[in-house]
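Heads up: the structure comes next, in C-alpha cells.
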Amino acid sequence: MSAPNVIPDAVSAKAAKGQKRTHSPEKNSDVAPKGDKRAKHVDSSTTTSTGASMWLLFTTTLAKRSLGFKLTPSKGAAAEGVTTPAAGKVVTAPAIDDSTIQKPNLTGTFDLYGMALPFLNSVYLPKGSSAVDPDALYKTILTYQAQSDRTAKLTIPADFASGANEGNFESGVFRDPMEEMPFEITATDIKEVAKLTFKSKYARPDAKQDVWNGAGIKASLEIEGGGGCGIASSSGSISLHPMWKKVDKDGNALELFEGTLMFKVKYGFMYSRKGHGSGQSETIDFWAVRAKK
C-alpha cells in the first residue's frame with residue numbers, strides 16, 4: 001500500500017524564525033491502523049528516522065508518483081520517470097434539491113484528506129462496486145485523524161462574512177525548500193456560495209445514503225506576508241461543501257465534506273539559484289471532516 005499523504009500535527013507552520021527546524025514528529029507513531037501496510041521509505045534528503053520520514057513522504061517525488069498526483073516540475077528540476085495514471089471517469093455532482101438542504105456550519109477547523117489516497121478511495125468505492133460507501137470512508141478517516149494525520153488543515157473564522165478576519169491553511173505538501181517547513185498560508189476573500197459545483201472522479205452519495213446538500217464556501221490562498229525574499233509570488237483557491245451527514249445512536253452528528261484546492265508558488269532568484277527550480281504547483285481534490293476539539 002502506498003504511503004499516506006499526511007502530515008504530523010507536531011510539524012507546525014508557525015515555527016519561530018531562526019529556530020532550528022526538525023522533520024521528526026514528536027507525538028506521532030509510525031504504527032498504522034490494523035490492516036494498513038504502509039511502506040517504510042527513508043527520504044534520502046533527510047537524516048531522520050524511518051518513521052518520521054514516512055509521515056513526510058507526500059512531499060517527495062516517490063510519494064507523489066505513488067499517490068497519482070500530476071507533478072508540475074520546476075524549470076531545471078528533474079522530472080525523470082514521473083508519470084500520471086489514466087484519469088478516472090469524471091462525475092458531476094448532482095443538482096442540489098432545495099427541499100433537502102440543511103444549512104451547514106461552514107466555520108471552524110477542518111482536516112482534509114486527499115482523494116488520491118488509495119487506502120481511502122478504495123474504501124469509499126470498493127473495487128468491483130458501483131455504490132459508494134460514505135459511512136465506511138468516514139470511519140476510516142477517523143482512524144488517521146486519531147493519529148493527528150492529515151493532508152492539510154483549513155480554518156475558517158466564525159465572522160468571515162465581515163471580511164475582518166482571515167482563515168488559515170496548513171499542509172506539508174507546500175513547503176519552503178530552504179526552511180523545510182510548511183508555508184504559512186492564509187485564506188482570504190472567504191465567501192459562502194449557495195450552490196457550489198464540484199467535479200470529482202467519485203460520485204456523491206444518493207438520498208438513501210444520507211447525502212447532504214447545502215451551501216459551500218470558497219476562499220483565496222496566499223503565503224502570509226508574501227513569503228520573504230525567496231518567494232516571488234503565490235496564489236491559489238480552495239472550495240468546500242457538504243457531502244454526507246447522519247446522526248449516530250448517541251445523537252452525535254457525523255459529517256463529511258468534499259472539495260478541491262489549487263496552490264502555486266513562484267520562487268525568486270535566490271531560491272532558483274540554490275537549485276530549487278522555479279516553484280511549486282499542485283491541485284488536490286479532498287474529503288474533509290471537522291477537526292478534533
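Here's how to read the names in the C-alpha cells: chain A, B, ... by the order shown, residue numbers from 1 in each chain, ligand numbers from 1 in the order shown.
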
Find the residues near Lys208 (chain A): any atom within 12 Å, counting only C-alpha atoms, skip ones fewer than 3 places away on the same chain, and give them as a ChimeraX atom specification.
/A:131-134,204-205,211-212,244-246

Write a file of the selected residues as a CSV table (one decimal), in the first residue's frame, keeping all heavy atoms.
chain,number,residue,atom,x,y,z
A,131,ALA,N,-21.4,1.3,-6.1
A,131,ALA,CA,-22.0,2.0,-5.0
A,131,ALA,C,-20.9,2.6,-4.1
A,131,ALA,O,-20.0,1.8,-3.7
A,131,ALA,CB,-23.0,1.2,-4.2
A,132,VAL,N,-21.0,3.9,-3.7
A,132,VAL,CA,-20.0,4.4,-2.8
A,132,VAL,C,-20.5,4.2,-1.4
A,132,VAL,O,-21.6,3.9,-1.1
A,132,VAL,CB,-19.9,6.0,-3.0
A,132,VAL,CG1,-19.4,6.2,-4.4
A,132,VAL,CG2,-21.3,6.7,-2.8
A,133,ASP,N,-19.5,4.2,-0.4
A,133,ASP,CA,-19.8,3.9,1.0
A,133,ASP,C,-19.2,5.0,1.9
A,133,ASP,O,-18.1,4.9,2.4
A,133,ASP,CB,-19.1,2.6,1.3
A,133,ASP,CG,-19.6,2.1,2.7
A,133,ASP,OD1,-20.1,2.8,3.5
A,133,ASP,OD2,-19.4,0.9,3.0
A,134,PRO,N,-20.0,6.1,2.0
A,134,PRO,CA,-19.5,7.3,2.8
A,134,PRO,C,-19.3,6.9,4.3
A,134,PRO,O,-18.5,7.5,4.9
A,134,PRO,CB,-20.6,8.3,2.6
A,134,PRO,CG,-21.8,7.6,2.2
A,134,PRO,CD,-21.3,6.4,1.4
A,204,ARG,N,-21.1,11.4,-5.6
A,204,ARG,CA,-21.7,11.7,-4.3
A,204,ARG,C,-22.6,10.6,-3.8
A,204,ARG,O,-23.1,9.8,-4.7
A,204,ARG,CB,-22.4,13.0,-4.3
A,204,ARG,CG,-21.5,14.2,-4.4
A,204,ARG,CD,-22.3,15.5,-4.7
A,204,ARG,NE,-23.3,15.8,-3.7
A,204,ARG,CZ,-23.0,16.5,-2.6
A,204,ARG,NH1,-21.8,16.9,-2.3
A,204,ARG,NH2,-24.0,16.8,-1.7
A,205,PRO,N,-22.9,10.5,-2.5
A,205,PRO,CA,-23.9,9.6,-2.0
A,205,PRO,C,-25.3,9.9,-2.6
A,205,PRO,O,-25.5,11.1,-3.0
A,205,PRO,CB,-23.8,9.8,-0.5
A,205,PRO,CG,-22.5,10.4,-0.2
A,205,PRO,CD,-22.2,11.3,-1.4
A,211,VAL,N,-27.2,11.6,1.7
A,211,VAL,CA,-26.5,12.7,1.1
A,211,VAL,C,-26.8,14.0,1.8
A,211,VAL,O,-27.9,14.2,2.3
A,211,VAL,CB,-26.9,12.8,-0.4
A,211,VAL,CG1,-28.4,13.1,-0.6
A,211,VAL,CG2,-26.0,13.8,-1.2
A,212,TRP,N,-25.9,14.9,1.8
A,212,TRP,CA,-26.0,16.2,2.5
A,212,TRP,C,-25.8,17.3,1.5
A,212,TRP,O,-24.7,17.6,1.0
A,212,TRP,CB,-25.0,16.3,3.6
A,212,TRP,CG,-25.2,17.5,4.5
A,212,TRP,CD1,-26.3,18.3,4.6
A,212,TRP,CD2,-24.3,18.0,5.5
A,212,TRP,NE1,-26.1,19.3,5.5
A,212,TRP,CE2,-24.9,19.1,6.1
A,212,TRP,CE3,-23.0,17.7,5.8
A,212,TRP,CZ2,-24.2,19.9,7.0
A,212,TRP,CZ3,-22.3,18.4,6.8
A,212,TRP,CH2,-23.0,19.5,7.4
A,244,TRP,N,-22.1,14.5,3.1
A,244,TRP,CA,-22.8,13.4,3.8
A,244,TRP,C,-23.0,13.7,5.2
A,244,TRP,O,-22.1,14.3,5.9
A,244,TRP,CB,-22.0,12.1,3.6
A,244,TRP,CG,-22.4,10.9,4.4
A,244,TRP,CD1,-23.4,10.0,4.0
A,244,TRP,CD2,-21.9,10.4,5.6
A,244,TRP,NE1,-23.5,9.0,4.9
A,244,TRP,CE2,-22.6,9.2,6.0
A,244,TRP,CE3,-21.0,10.9,6.5
A,244,TRP,CZ2,-22.4,8.5,7.1
A,244,TRP,CZ3,-20.8,10.2,7.7
A,244,TRP,CH2,-21.4,9.0,8.0
A,245,LYS,N,-24.1,13.3,5.8
A,245,LYS,CA,-24.3,13.6,7.2
A,245,LYS,C,-25.3,12.6,7.8
A,245,LYS,O,-26.3,12.2,7.1
A,245,LYS,CB,-24.9,15.0,7.4
A,245,LYS,CG,-25.1,15.4,8.8
A,245,LYS,CD,-25.6,16.9,9.0
A,245,LYS,CE,-25.8,17.3,10.4
A,245,LYS,NZ,-26.2,18.7,10.5
A,246,LYS,N,-25.1,12.1,9.0
A,246,LYS,CA,-26.0,11.2,9.6
A,246,LYS,C,-25.9,11.5,11.1
A,246,LYS,O,-24.9,12.0,11.6
A,246,LYS,CB,-25.8,9.8,9.3
A,246,LYS,CG,-24.5,9.2,9.8
A,246,LYS,CD,-24.3,7.7,9.4
A,246,LYS,CE,-25.3,6.8,10.1
A,246,LYS,NZ,-25.1,5.4,9.8

Shell around region 150-154 of chain A at 10 Å using only C-alpha atoms, local window under 4 positions removed, as JSON, numbers by chain
{"A": [4, 5, 6, 7, 8, 9, 55, 58, 107, 108, 109, 110, 111, 112, 113, 114, 115, 117, 141, 144, 145, 146, 167, 168, 169, 170, 171, 172, 173, 174, 185, 186, 187, 238, 284, 286, 287, 288, 289, 290, 291]}

Can you write just those residues out, C-alpha atoms, as a JSON list (two decimals), in the first residue's frame?
[["chain", "number", "residue", "atom", "x", "y", "z"],
["A", 4, "PRO", "CA", -0.24, 8.30, 3.14],
["A", 5, "ASN", "CA", -0.18, 11.92, 2.09],
["A", 6, "VAL", "CA", -0.42, 13.12, 5.64],
["A", 7, "ILE", "CA", 1.49, 15.49, 7.85],
["A", 8, "PRO", "CA", 2.05, 15.13, 11.57],
["A", 9, "ASP", "CA", 0.28, 17.56, 13.86],
["A", 55, "TRP", "CA", 4.94, 10.70, 7.62],
["A", 58, "PHE", "CA", 3.90, 13.20, 0.46],
["A", 107, "THR", "CA", -16.82, 27.74, 10.09],
["A", 108, "GLY", "CA", -14.24, 26.17, 12.35],
["A", 109, "THR", "CA", -11.33, 23.87, 11.57],
["A", 110, "PHE", "CA", -11.41, 21.01, 9.07],
["A", 111, "ASP", "CA", -8.95, 18.16, 8.48],
["A", 112, "LEU", "CA", -8.50, 17.46, 4.76],
["A", 113, "TYR", "CA", -7.62, 14.09, 3.18],
["A", 114, "GLY", "CA", -6.60, 13.71, -0.47],
["A", 115, "MET", "CA", -8.96, 11.68, -2.65],
["A", 117, "LEU", "CA", -5.07, 8.19, -1.20],
["A", 141, "ILE", "CA", -10.68, 8.83, 8.07],
["A", 144, "TYR", "CA", -6.00, 8.51, 10.72],
["A", 145, "GLN", "CA", -7.31, 11.63, 12.38],
["A", 146, "ALA", "CA", -6.85, 9.91, 15.74],
["A", 167, "GLY", "CA", -8.56, 31.96, 7.74],
["A", 168, "ASN", "CA", -5.55, 29.66, 7.86],
["A", 169, "PHE", "CA", -4.37, 26.79, 5.66],
["A", 170, "GLU", "CA", -1.59, 24.35, 6.61],
["A", 171, "SER", "CA", -0.15, 21.48, 4.59],
["A", 172, "GLY", "CA", 3.10, 19.58, 4.37],
["A", 173, "VAL", "CA", 2.54, 19.43, 0.62],
["A", 174, "PHE", "CA", 3.57, 23.07, 0.23],
["A", 185, "ILE", "CA", -0.76, 30.27, 4.15],
["A", 186, "THR", "CA", -3.80, 32.49, 4.73],
["A", 187, "ALA", "CA", -7.33, 32.05, 3.40],
["A", 238, "ILE", "CA", -9.99, 26.33, -2.13],
["A", 284, "ILE", "CA", -5.74, 18.34, -4.90],
["A", 286, "PHE", "CA", -10.12, 16.07, -0.99],
["A", 287, "TRP", "CA", -12.59, 14.81, 1.57],
["A", 288, "ALA", "CA", -12.80, 16.62, 4.90],
["A", 289, "VAL", "CA", -14.05, 16.12, 8.45],
["A", 290, "ARG", "CA", -14.24, 18.52, 11.35],
["A", 291, "ALA", "CA", -11.01, 18.72, 13.32]]

Find, counting only C-alpha atoms, the residue in A:Pro126, A:Gly268, A:Pro157, A:Gly259 that gets nearest to Lys218 (chain A).
A:Gly259

Restricting the calculation to only C-alpha atoms: of A:Asp250, A:Glu258, A:Thr155, A:Glu166, which residue gets closest to Lys199 (chain A)?
A:Glu258

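Candidate residues A:Tyr124, A:Phe269, A:Phe263, A:Tyr138 were compared for distance to Arg175 (chain A), and the nearest is A:Phe263, using only C-alpha atoms.
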
Could you pull out the alpha helix (DSSP H) residues of region 118-148 of chain A from DSSP and send them as a PyMOL selection string?
chain A and resi 118-124+134-145

Residue subset to file, keeping N, CA and C atoms, as a PDB file, in the first residue's frame:
ATOM      1  N   PRO A 118      -5.027   5.819  -1.801  1.00  0.00           N
ATOM      2  CA  PRO A 118      -5.656   4.529  -2.136  1.00  0.00           C
ATOM      3  C   PRO A 118      -6.340   3.864  -0.947  1.00  0.00           C
ATOM      4  N   PHE A 119      -5.828   4.076   0.275  1.00  0.00           N
ATOM      5  CA  PHE A 119      -6.458   3.438   1.426  1.00  0.00           C
ATOM      6  C   PHE A 119      -7.739   4.146   1.845  1.00  0.00           C
ATOM      7  N   LEU A 120      -8.063   5.271   1.187  1.00  0.00           N
ATOM      8  CA  LEU A 120      -9.344   5.941   1.416  1.00  0.00           C
ATOM      9  C   LEU A 120     -10.294   5.724   0.236  1.00  0.00           C
ATOM     10  N   ASN A 121      -9.814   5.970  -0.988  1.00  0.00           N
ATOM     11  CA  ASN A 121     -10.730   5.840  -2.120  1.00  0.00           C
ATOM     12  C   ASN A 121     -11.173   4.390  -2.358  1.00  0.00           C
ATOM     13  N   SER A 122     -10.338   3.412  -1.939  1.00  0.00           N
ATOM     14  CA  SER A 122     -10.724   2.011  -2.097  1.00  0.00           C
ATOM     15  C   SER A 122     -11.813   1.617  -1.100  1.00  0.00           C
ATOM     16  N   VAL A 123     -11.910   2.382  -0.004  1.00  0.00           N
ATOM     17  CA  VAL A 123     -12.972   2.152   0.980  1.00  0.00           C
ATOM     18  C   VAL A 123     -14.257   2.837   0.531  1.00  0.00           C
ATOM     19  N   TYR A 124     -14.109   4.044  -0.004  1.00  0.00           N
ATOM     20  CA  TYR A 124     -15.288   4.787  -0.449  1.00  0.00           C
ATOM     21  C   TYR A 124     -15.938   4.129  -1.672  1.00  0.00           C
ATOM     22  N   PRO A 134     -19.997   6.140   2.008  1.00  0.00           N
ATOM     23  CA  PRO A 134     -19.527   7.278   2.796  1.00  0.00           C
ATOM     24  C   PRO A 134     -19.349   6.946   4.282  1.00  0.00           C
ATOM     25  N   ASP A 135     -20.168   6.055   4.803  1.00  0.00           N
ATOM     26  CA  ASP A 135     -20.065   5.675   6.210  1.00  0.00           C
ATOM     27  C   ASP A 135     -18.711   5.037   6.488  1.00  0.00           C
ATOM     28  N   ALA A 136     -18.298   4.098   5.633  1.00  0.00           N
ATOM     29  CA  ALA A 136     -17.010   3.429   5.800  1.00  0.00           C
ATOM     30  C   ALA A 136     -15.857   4.414   5.616  1.00  0.00           C
ATOM     31  N   LEU A 137     -16.011   5.337   4.676  1.00  0.00           N
ATOM     32  CA  LEU A 137     -14.972   6.348   4.456  1.00  0.00           C
ATOM     33  C   LEU A 137     -14.804   7.203   5.703  1.00  0.00           C
ATOM     34  N   TYR A 138     -15.903   7.647   6.276  1.00  0.00           N
ATOM     35  CA  TYR A 138     -15.853   8.485   7.473  1.00  0.00           C
ATOM     36  C   TYR A 138     -15.125   7.769   8.613  1.00  0.00           C
ATOM     37  N   LYS A 139     -15.470   6.517   8.846  1.00  0.00           N
ATOM     38  CA  LYS A 139     -14.850   5.757   9.923  1.00  0.00           C
ATOM     39  C   LYS A 139     -13.355   5.559   9.678  1.00  0.00           C
ATOM     40  N   THR A 140     -12.983   5.331   8.424  1.00  0.00           N
ATOM     41  CA  THR A 140     -11.565   5.134   8.091  1.00  0.00           C
ATOM     42  C   THR A 140     -10.780   6.419   8.302  1.00  0.00           C
ATOM     43  N   ILE A 141     -11.351   7.544   7.880  1.00  0.00           N
ATOM     44  CA  ILE A 141     -10.678   8.827   8.073  1.00  0.00           C
ATOM     45  C   ILE A 141     -10.431   9.078   9.564  1.00  0.00           C
ATOM     46  N   LEU A 142     -11.390   8.716  10.399  1.00  0.00           N
ATOM     47  CA  LEU A 142     -11.238   8.949  11.835  1.00  0.00           C
ATOM     48  C   LEU A 142     -10.060   8.175  12.426  1.00  0.00           C
ATOM     49  N   THR A 143      -9.730   7.007  11.845  1.00  0.00           N
ATOM     50  CA  THR A 143      -8.584   6.253  12.362  1.00  0.00           C
ATOM     51  C   THR A 143      -7.280   6.994  12.111  1.00  0.00           C
ATOM     52  N   TYR A 144      -7.193   7.719  11.002  1.00  0.00           N
ATOM     53  CA  TYR A 144      -5.997   8.511  10.717  1.00  0.00           C
ATOM     54  C   TYR A 144      -6.017   9.827  11.486  1.00  0.00           C
ATOM     55  N   GLN A 145      -7.203  10.398  11.617  1.00  0.00           N
ATOM     56  CA  GLN A 145      -7.315  11.633  12.382  1.00  0.00           C
ATOM     57  C   GLN A 145      -6.914  11.404  13.835  1.00  0.00           C
TER      58      GLN A 145
END

Apply DSSP to the structure's backbone, then extract all residues of region 85-271 of chain A labelled strand (DSSP E) and return them as JSON, numbers by chain.
{"A": [91, 92, 108, 109, 110, 111, 112, 113, 114, 149, 150, 152, 153, 154, 155, 156, 167, 168, 169, 170, 175, 176, 181, 182, 185, 186, 187, 188, 189, 190, 191, 192, 193, 199, 200, 216, 217, 218, 219, 220, 221, 222, 223, 231, 232, 233, 234, 235, 236, 237, 238, 239, 240, 241, 242, 243, 244, 245, 246, 247, 253, 254, 255, 256, 257, 258, 259, 260, 261, 262, 263, 264, 265, 266, 267]}

Out of A:Phe160, A:Gly214, A:Gly230, A:Asn105, which residue has the shortest atom-to-atom distance to Ala253 (chain A) when counting only C-alpha atoms?
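Smallest distance to Ala253 (chain A) is found for A:Asn105.
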
Find, counting only C-alpha atoms, the residue in A:Met178, A:Ala215, A:Leu261, A:Val247 that gets nearest to Arg273 (chain A).
A:Met178

Contacts of Ala219 (chain A) within 8 Å, only C-alpha atoms, excl. fewer than 3 positions in-chain, as a VMD selection string
chain A and resid 187 to 191 237 to 239

To one decimal in Å, tell me the separation between CA of Pro182 (chain A) and CA of Lys292 (chain A).
20.8 Å

Could you check how far CA of Tyr271 (chain A) sits from CA of Ala232 (chain A), in Å to one decimal?
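Distance between the two atoms: 9.6 Å.
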